[in-house]
Structure formats: C-alpha cells, structure tokens
$ cat my_file36.pdb   # PDB, C-alpha atoms and all ligand atoms
ATOM      1  CA  MET A   1     -30.481 -18.238 -12.091  1.00  0.00           C
ATOM      2  CA  ARG A   2     -29.904 -14.715 -13.364  1.00  0.00           C
ATOM      3  CA  TYR A   3     -30.694 -13.428  -9.873  1.00  0.00           C
ATOM      4  CA  VAL A   4     -28.122 -15.754  -8.319  1.00  0.00           C
ATOM      5  CA  ILE A   5     -25.476 -14.581 -10.752  1.00  0.00           C
ATOM      6  CA  ALA A   6     -26.319 -10.954 -10.015  1.00  0.00           C
ATOM      7  CA  LEU A   7     -26.023 -11.597  -6.282  1.00  0.00           C
ATOM      8  CA  LEU A   8     -22.739 -13.410  -6.773  1.00  0.00           C
ATOM      9  CA  ALA A   9     -21.454 -10.491  -8.805  1.00  0.00           C
ATOM     10  CA  VAL A  10     -22.253  -8.116  -5.946  1.00  0.00           C
ATOM     11  CA  PHE A  11     -20.459 -10.346  -3.439  1.00  0.00           C
ATOM     12  CA  LEU A  12     -17.431 -10.850  -5.628  1.00  0.00           C
ATOM     13  CA  ALA A  13     -17.157  -7.311  -6.919  1.00  0.00           C
ATOM     14  CA  GLY A  14     -18.067  -5.505  -3.693  1.00  0.00           C
ATOM     15  CA  PRO A  15     -14.823  -5.827  -1.759  1.00  0.00           C
ATOM     16  CA  VAL A  16     -12.690  -5.495  -4.887  1.00  0.00           C
ATOM     17  CA  LEU A  17     -14.248  -2.152  -5.729  1.00  0.00           C
ATOM     18  CA  ALA A  18     -13.831  -0.756  -2.229  1.00  0.00           C
ATOM     19  CA  GLU A  19     -10.913   1.621  -2.587  1.00  0.00           C
ATOM     20  CA  GLU A  20      -9.109   3.103   0.374  1.00  0.00           C
ATOM     21  CA  GLN A  21      -9.956   6.744   1.037  1.00  0.00           C
ATOM     22  CA  ILE A  22      -6.886   8.900   0.488  1.00  0.00           C
ATOM     23  CA  PRO A  23      -7.227  12.685   0.055  1.00  0.00           C
ATOM     24  CA  ALA A  24      -6.850  13.581  -3.626  1.00  0.00           C
ATOM     25  CA  ARG A  25      -3.950  15.963  -3.043  1.00  0.00           C
ATOM     26  CA  TYR A  26      -1.769  13.022  -1.983  1.00  0.00           C
ATOM     27  CA  LEU A  27      -2.614  11.052  -5.100  1.00  0.00           C
ATOM     28  CA  ASN A  28      -0.686  13.211  -7.530  1.00  0.00           C
ATOM     29  CA  PHE A  29       2.464  11.241  -8.245  1.00  0.00           C
ATOM     30  CA  ASP A  30       3.707  13.469 -11.075  1.00  0.00           C
ATOM     31  CA  GLY A  31       7.456  13.908 -10.841  1.00  0.00           C
ATOM     32  CA  LEU A  32       7.760  11.470  -7.955  1.00  0.00           C
ATOM     33  CA  LYS A  33      10.831   9.286  -8.381  1.00  0.00           C
ATOM     34  CA  ALA A  34      10.152   5.842  -7.038  1.00  0.00           C
ATOM     35  CA  ASP A  35      12.136   2.676  -6.531  1.00  0.00           C
ATOM     36  CA  SER A  36       9.319   0.258  -5.821  1.00  0.00           C
ATOM     37  CA  ARG A  37       9.972  -3.433  -5.427  1.00  0.00           C
ATOM     38  CA  PRO A  38       7.241  -6.047  -5.184  1.00  0.00           C
ATOM     39  CA  MET A  39       8.103  -9.190  -3.250  1.00  0.00           C
ATOM     40  CA  ASP A  40       6.614 -12.115  -1.385  1.00  0.00           C
ATOM     41  CA  ILE A  41       4.664 -10.818   1.599  1.00  0.00           C
ATOM     42  CA  SER A  42       6.698 -13.031   3.956  1.00  0.00           C
ATOM     43  CA  LYS A  43       9.755 -10.878   3.157  1.00  0.00           C
ATOM     44  CA  ILE A  44       8.167  -7.469   3.747  1.00  0.00           C
ATOM     45  CA  LYS A  45       9.051  -7.090   7.420  1.00  0.00           C
ATOM     46  CA  LEU A  46      12.698  -8.041   6.930  1.00  0.00           C
ATOM     47  CA  GLU A  47      13.148  -5.998   3.748  1.00  0.00           C
ATOM     48  CA  CYS A  48      11.450  -2.943   5.241  1.00  0.00           C
ATOM     49  CA  THR A  49      13.621  -3.157   8.343  1.00  0.00           C
ATOM     50  CA  ARG A  50      16.672  -3.359   6.078  1.00  0.00           C
ATOM     51  CA  LEU A  51      15.461  -0.423   3.986  1.00  0.00           C
ATOM     52  CA  ALA A  52      14.872   1.712   7.083  1.00  0.00           C
ATOM     53  CA  LYS A  53      18.293   0.961   8.581  1.00  0.00           C
ATOM     54  CA  LYS A  54      20.010   1.642   5.254  1.00  0.00           C
ATOM     55  CA  HIS A  55      18.545   5.153   5.254  1.00  0.00           C
ATOM     56  CA  GLY A  56      18.969   5.788   8.973  1.00  0.00           C
ATOM     57  CA  VAL A  57      15.282   5.625   9.799  1.00  0.00           C
ATOM     58  CA  ASP A  58      13.657   3.863  12.749  1.00  0.00           C
ATOM     59  CA  PRO A  59      12.073   0.676  11.294  1.00  0.00           C
ATOM     60  CA  ARG A  60       9.065   1.116  13.586  1.00  0.00           C
ATOM     61  CA  THR A  61       8.134   4.321  11.776  1.00  0.00           C
ATOM     62  CA  VAL A  62       8.387   2.635   8.376  1.00  0.00           C
ATOM     63  CA  LEU A  63       6.272  -0.452   8.902  1.00  0.00           C
ATOM     64  CA  GLY A  64       2.583   0.183   9.245  1.00  0.00           C
ATOM     65  CA  LYS A  65       0.138  -1.753  11.350  1.00  0.00           C
ATOM     66  CA  TYR A  66      -0.432  -4.415   8.697  1.00  0.00           C
ATOM     67  CA  GLN A  67       3.102  -4.852   7.335  1.00  0.00           C
ATOM     68  CA  TRP A  68       1.943  -5.271   3.755  1.00  0.00           C
ATOM     69  CA  GLY A  69       4.340  -2.624   2.534  1.00  0.00           C
ATOM     70  CA  CYS A  70       6.521   0.287   3.544  1.00  0.00           C
ATOM     71  CA  ASN A  71       8.149   3.410   2.210  1.00  0.00           C
ATOM     72  CA  VAL A  72      11.198   5.513   2.927  1.00  0.00           C
ATOM     73  CA  MET A  73      11.738   8.862   1.254  1.00  0.00           C
ATOM     74  CA  ALA A  74      15.477   9.396   0.881  1.00  0.00           C
ATOM     75  CA  ASN A  75      17.529  11.671  -1.393  1.00  0.00           C
ATOM     76  CA  GLY A  76      14.436  12.568  -3.381  1.00  0.00           C
ATOM     77  CA  VAL A  77      13.569   8.946  -4.121  1.00  0.00           C
ATOM     78  CA  CYS A  78      10.554   7.128  -2.746  1.00  0.00           C
ATOM     79  CA  HIS A  79      11.715   3.627  -1.805  1.00  0.00           C
ATOM     80  CA  ILE A  80       8.851   1.169  -1.543  1.00  0.00           C
ATOM     81  CA  ARG A  81       8.601  -2.517  -0.724  1.00  0.00           C
ATOM     82  CA  TYR A  82       5.213  -4.181  -1.172  1.00  0.00           C
ATOM     83  CA  HIS A  83       3.557  -7.558  -1.644  1.00  0.00           C
ATOM     84  CA  ASP A  84       3.560  -9.034  -5.146  1.00  0.00           C
ATOM     85  CA  LYS A  85       0.243 -10.901  -4.984  1.00  0.00           C
ATOM     86  CA  PRO A  86      -3.273  -9.886  -3.970  1.00  0.00           C
ATOM     87  CA  PHE A  87      -4.824 -11.535  -0.915  1.00  0.00           C
ATOM     88  CA  TRP A  88      -7.880 -11.515   1.330  1.00  0.00           C
ATOM     89  CA  ASP A  89      -7.783  -9.930   4.762  1.00  0.00           C
ATOM     90  CA  ASN A  90     -10.853  -9.814   6.995  1.00  0.00           C
ATOM     91  CA  GLY A  91     -13.211 -10.064   4.025  1.00  0.00           C
ATOM     92  CA  GLN A  92     -11.353  -7.368   2.110  1.00  0.00           C
ATOM     93  CA  PHE A  93      -9.515  -8.062  -1.115  1.00  0.00           C
ATOM     94  CA  ILE A  94      -6.118  -6.341  -0.894  1.00  0.00           C
ATOM     95  CA  THR A  95      -4.694  -5.692  -4.338  1.00  0.00           C
ATOM     96  CA  VAL A  96      -1.069  -5.072  -5.155  1.00  0.00           C
ATOM     97  CA  TRP A  97      -2.027  -1.667  -6.562  1.00  0.00           C
ATOM     98  CA  SER A  98      -3.934  -0.613  -3.432  1.00  0.00           C
ATOM     99  CA  THR A  99      -0.822  -1.129  -1.312  1.00  0.00           C
ATOM    100  CA  LEU A 100       1.488   0.532  -3.844  1.00  0.00           C
ATOM    101  CA  ARG A 101      -0.919   3.475  -4.079  1.00  0.00           C
ATOM    102  CA  HIS A 102      -0.985   3.735  -0.269  1.00  0.00           C
ATOM    103  CA  GLU A 103       2.811   3.852  -0.047  1.00  0.00           C
ATOM    104  CA  LEU A 104       3.118   6.305  -2.962  1.00  0.00           C
ATOM    105  CA  ALA A 105       0.618   8.584  -1.209  1.00  0.00           C
ATOM    106  CA  HIS A 106       2.885   8.628   1.860  1.00  0.00           C
ATOM    107  CA  CYS A 107       5.819   9.663  -0.331  1.00  0.00           C
ATOM    108  CA  ALA A 108       3.575  12.388  -1.781  1.00  0.00           C
ATOM    109  CA  GLY A 109       3.102  13.748   1.747  1.00  0.00           C
ATOM    110  CA  TRP A 110       0.193  11.788   3.247  1.00  0.00           C
ATOM    111  CA  PRO A 111       0.922  11.770   7.017  1.00  0.00           C
ATOM    112  CA  ALA A 112       1.521   8.458   8.760  1.00  0.00           C
ATOM    113  CA  ASP A 113      -1.692   8.722  10.806  1.00  0.00           C
ATOM    114  CA  HIS A 114      -3.719   8.524   7.551  1.00  0.00           C
ATOM    115  CA  PRO A 115      -5.936  11.636   7.836  1.00  0.00           C
ATOM    116  CA  LEU A 116      -8.966  11.588   5.564  1.00  0.00           C
ATOM    117  CA  ASP A 117      -8.743  15.271   4.649  1.00  0.00           C
TER     118      ASP A 117
HETATM  119 ZN    ZN B   1       0.135   4.049   5.738  1.00  0.00          ZN
END

$ encode --input "my_file36.pdb" --output "structure tokens" --more "lines below"
Ligand SMILES: [Zn+2]
Amino acid sequence: MRYVIALLAVFLAGPVLAEEQIPARYLNFDGLKADSRPMDISKIKLECTRLAKKHGVDPRTVLGKYQWGCNVMANGVCHIRYHDKPFWDNGQFITVWSTLRHELAHCAGWPADHPLD
C-alpha cells in the first residue's frame, strides 16, 4: 500500500513540479509595473486581440501558440491577460502562475521565440 501511494505521489506531483525553463535574467520582475488580469480561458483570444489593438500592436504577435495568455508592453506598463484556473494540457498541469510567469518574463525582455539562454 505504501508503495502504491509513493507511486501515485510521483505521478501526481511529477507534472506539477515541471517548471518551464526560462533564463534567470528574464525572471527578475523588480520594478516591473504590471496590469495583469486573470480571466476565463475562453475569453483570452478576444481580450488579447482587444488589448493588442488598443495599443496599436498586431494581435498575431501578442497571442502565442497556445493562447493561454498574452502580454503587451506599453507606456512602461506590462499588460497581461491570462487564464484564471489551472488545467491539464497533453499530460502537463498548467498552473495560473506558470502562465503569468511566462508573460512577465516576456515583459522583462524574454524574446518571443523563447530562447533557453
Ligand atoms: Zn511566450
């Protein structure tokens, strides 16, 4: 029984603990002004398109491949829209924080093609 619980713990904790690799220099958010708004994931595409147009940016450059969140840096403020609940995608547990962290990293200078160094 103890073995089964240990195995279960590995299965349940494994994906949750997997954190996206973002170079450390883009994870310093000190002094970053952010206007971040969590919302239902069904609204992300529309709200990100709206956000992009409001700031004169091409929506296609704002929305990533997955459309879980987006960011626009405008007038020194990092505007972010992201999902308000965690969910599973392809066996990976996507937390609200992992998406917010991803978008904040972009505002901190992480290029859109997600380099690992
Ligand atoms: Zn990204």

$ atom_distance --input "my_file36.pdb" --atom1 "atom CA of Ser98 of chain A" --atom2 "atom CA of Tyr82 of chain A"
10.1 Å

$ closest_residue --input "my_file36.pdb" --among "A:Cys107, A:Met39, A:Ala74, A:Leu32" --to "ligand ZN 1 (chain B)" --atoms "only C-alpha atoms and all ligand atoms"
A:Cys107

$ atom_distance --input "my_file36.pdb" --atom1 "atom CA of Arg50 of chain A" --atom2 "atom CA of Val77 of chain A"
16.3 Å

$ closest_residue --input "my_file36.pdb" --among "A:Ser36, A:Phe29, A:Ile44, A:Gly69" --to "Ile94 of chain A" --atoms "only C-alpha atoms"
A:Gly69

$ closest_residue --input "my_file36.pdb" --among "A:Asn28, A:Glu20, A:Gly76, A:Leu51" --to "ligand ZN 1 (chain B)" --atoms "all atoms listed in the file"
A:Glu20

$ residues_near_ligand --input "my_file36.pdb" --ligand "ligand ZN 1 (chain B)" --cutoff "8 Å" --atoms "only C-alpha atoms and all ligand atoms" --output "PyMOL selection string"
chain A and resi 64+70+102-103+106+111-114

$ resolve_selection --input "my_file36.pdb" --expression "the PyMOL selection byres (((chain A and resi 24) around 12) and not hetatm)" --output "PyMOL selection string"
chain A and resi 20-23+25-29+101-102+105+108-110+115-117

$ resolve_selection --input "my_file36.pdb" --expression "the PyMOL selection byres (((chain A and resi 84) around 10) and not hetatm)" --output "PyMOL selection string"
chain A and resi 37-41+68+81-83+85-87+95-97+99-100

$ write_last_selection --input "my_file36.pdb" --atoms "C-alpha atoms" --output "short mmCIF file (atom, residue, chain, number, x, y, z; two decimals), keeping the file's coordinate frame"
data_model
loop_
_atom_site.label_atom_id
_atom_site.label_comp_id
_atom_site.auth_asym_id
_atom_site.auth_seq_id
_atom_site.Cartn_x
_atom_site.Cartn_y
_atom_site.Cartn_z
CA ARG A 37 9.97 -3.43 -5.43
CA PRO A 38 7.24 -6.05 -5.18
CA MET A 39 8.10 -9.19 -3.25
CA ASP A 40 6.61 -12.12 -1.38
CA ILE A 41 4.66 -10.82 1.60
CA TRP A 68 1.94 -5.27 3.76
CA ARG A 81 8.60 -2.52 -0.72
CA TYR A 82 5.21 -4.18 -1.17
CA HIS A 83 3.56 -7.56 -1.64
CA LYS A 85 0.24 -10.90 -4.98
CA PRO A 86 -3.27 -9.89 -3.97
CA PHE A 87 -4.82 -11.54 -0.92
CA THR A 95 -4.69 -5.69 -4.34
CA VAL A 96 -1.07 -5.07 -5.16
CA TRP A 97 -2.03 -1.67 -6.56
CA THR A 99 -0.82 -1.13 -1.31
CA LEU A 100 1.49 0.53 -3.84
#

$ axis_aligned_box --input "my_file36.pdb" --around "segment 37-45 of chain A" --padding-each-side "8 Å" --output "AutoDock Vina command-line options"
--center_x 7.3 --center_y -8.2 --center_z 1.0 --size_x 21.3 --size_y 25.6 --size_z 28.8

$ atom_distance --input "my_file36.pdb" --atom1 "atom CA of Gln67 of chain A" --atom2 "atom CA of Ile80 of chain A"
12.2 Å

$ residues_near_point --input "my_file36.pdb" --point "(17.8, 10.2, 2.0)" --cutoff "10 Å" --atoms "all atoms listed in the file" --output "list in words"
Lys54, His55, Gly56, Val57, Val72, Met73, Ala74, Asn75, Gly76, Val77, Cys78 and His79 of chain A

$ write_last_selection --input "my_file36.pdb" --atoms "C-alpha atoms" --output "CSV table (one decimal), in the frame of the given file"
chain,number,residue,atom,x,y,z
A,54,LYS,CA,20.0,1.6,5.3
A,55,HIS,CA,18.5,5.2,5.3
A,56,GLY,CA,19.0,5.8,9.0
A,57,VAL,CA,15.3,5.6,9.8
A,72,VAL,CA,11.2,5.5,2.9
A,73,MET,CA,11.7,8.9,1.3
A,74,ALA,CA,15.5,9.4,0.9
A,75,ASN,CA,17.5,11.7,-1.4
A,76,GLY,CA,14.4,12.6,-3.4
A,77,VAL,CA,13.6,8.9,-4.1
A,78,CYS,CA,10.6,7.1,-2.7
A,79,HIS,CA,11.7,3.6,-1.8
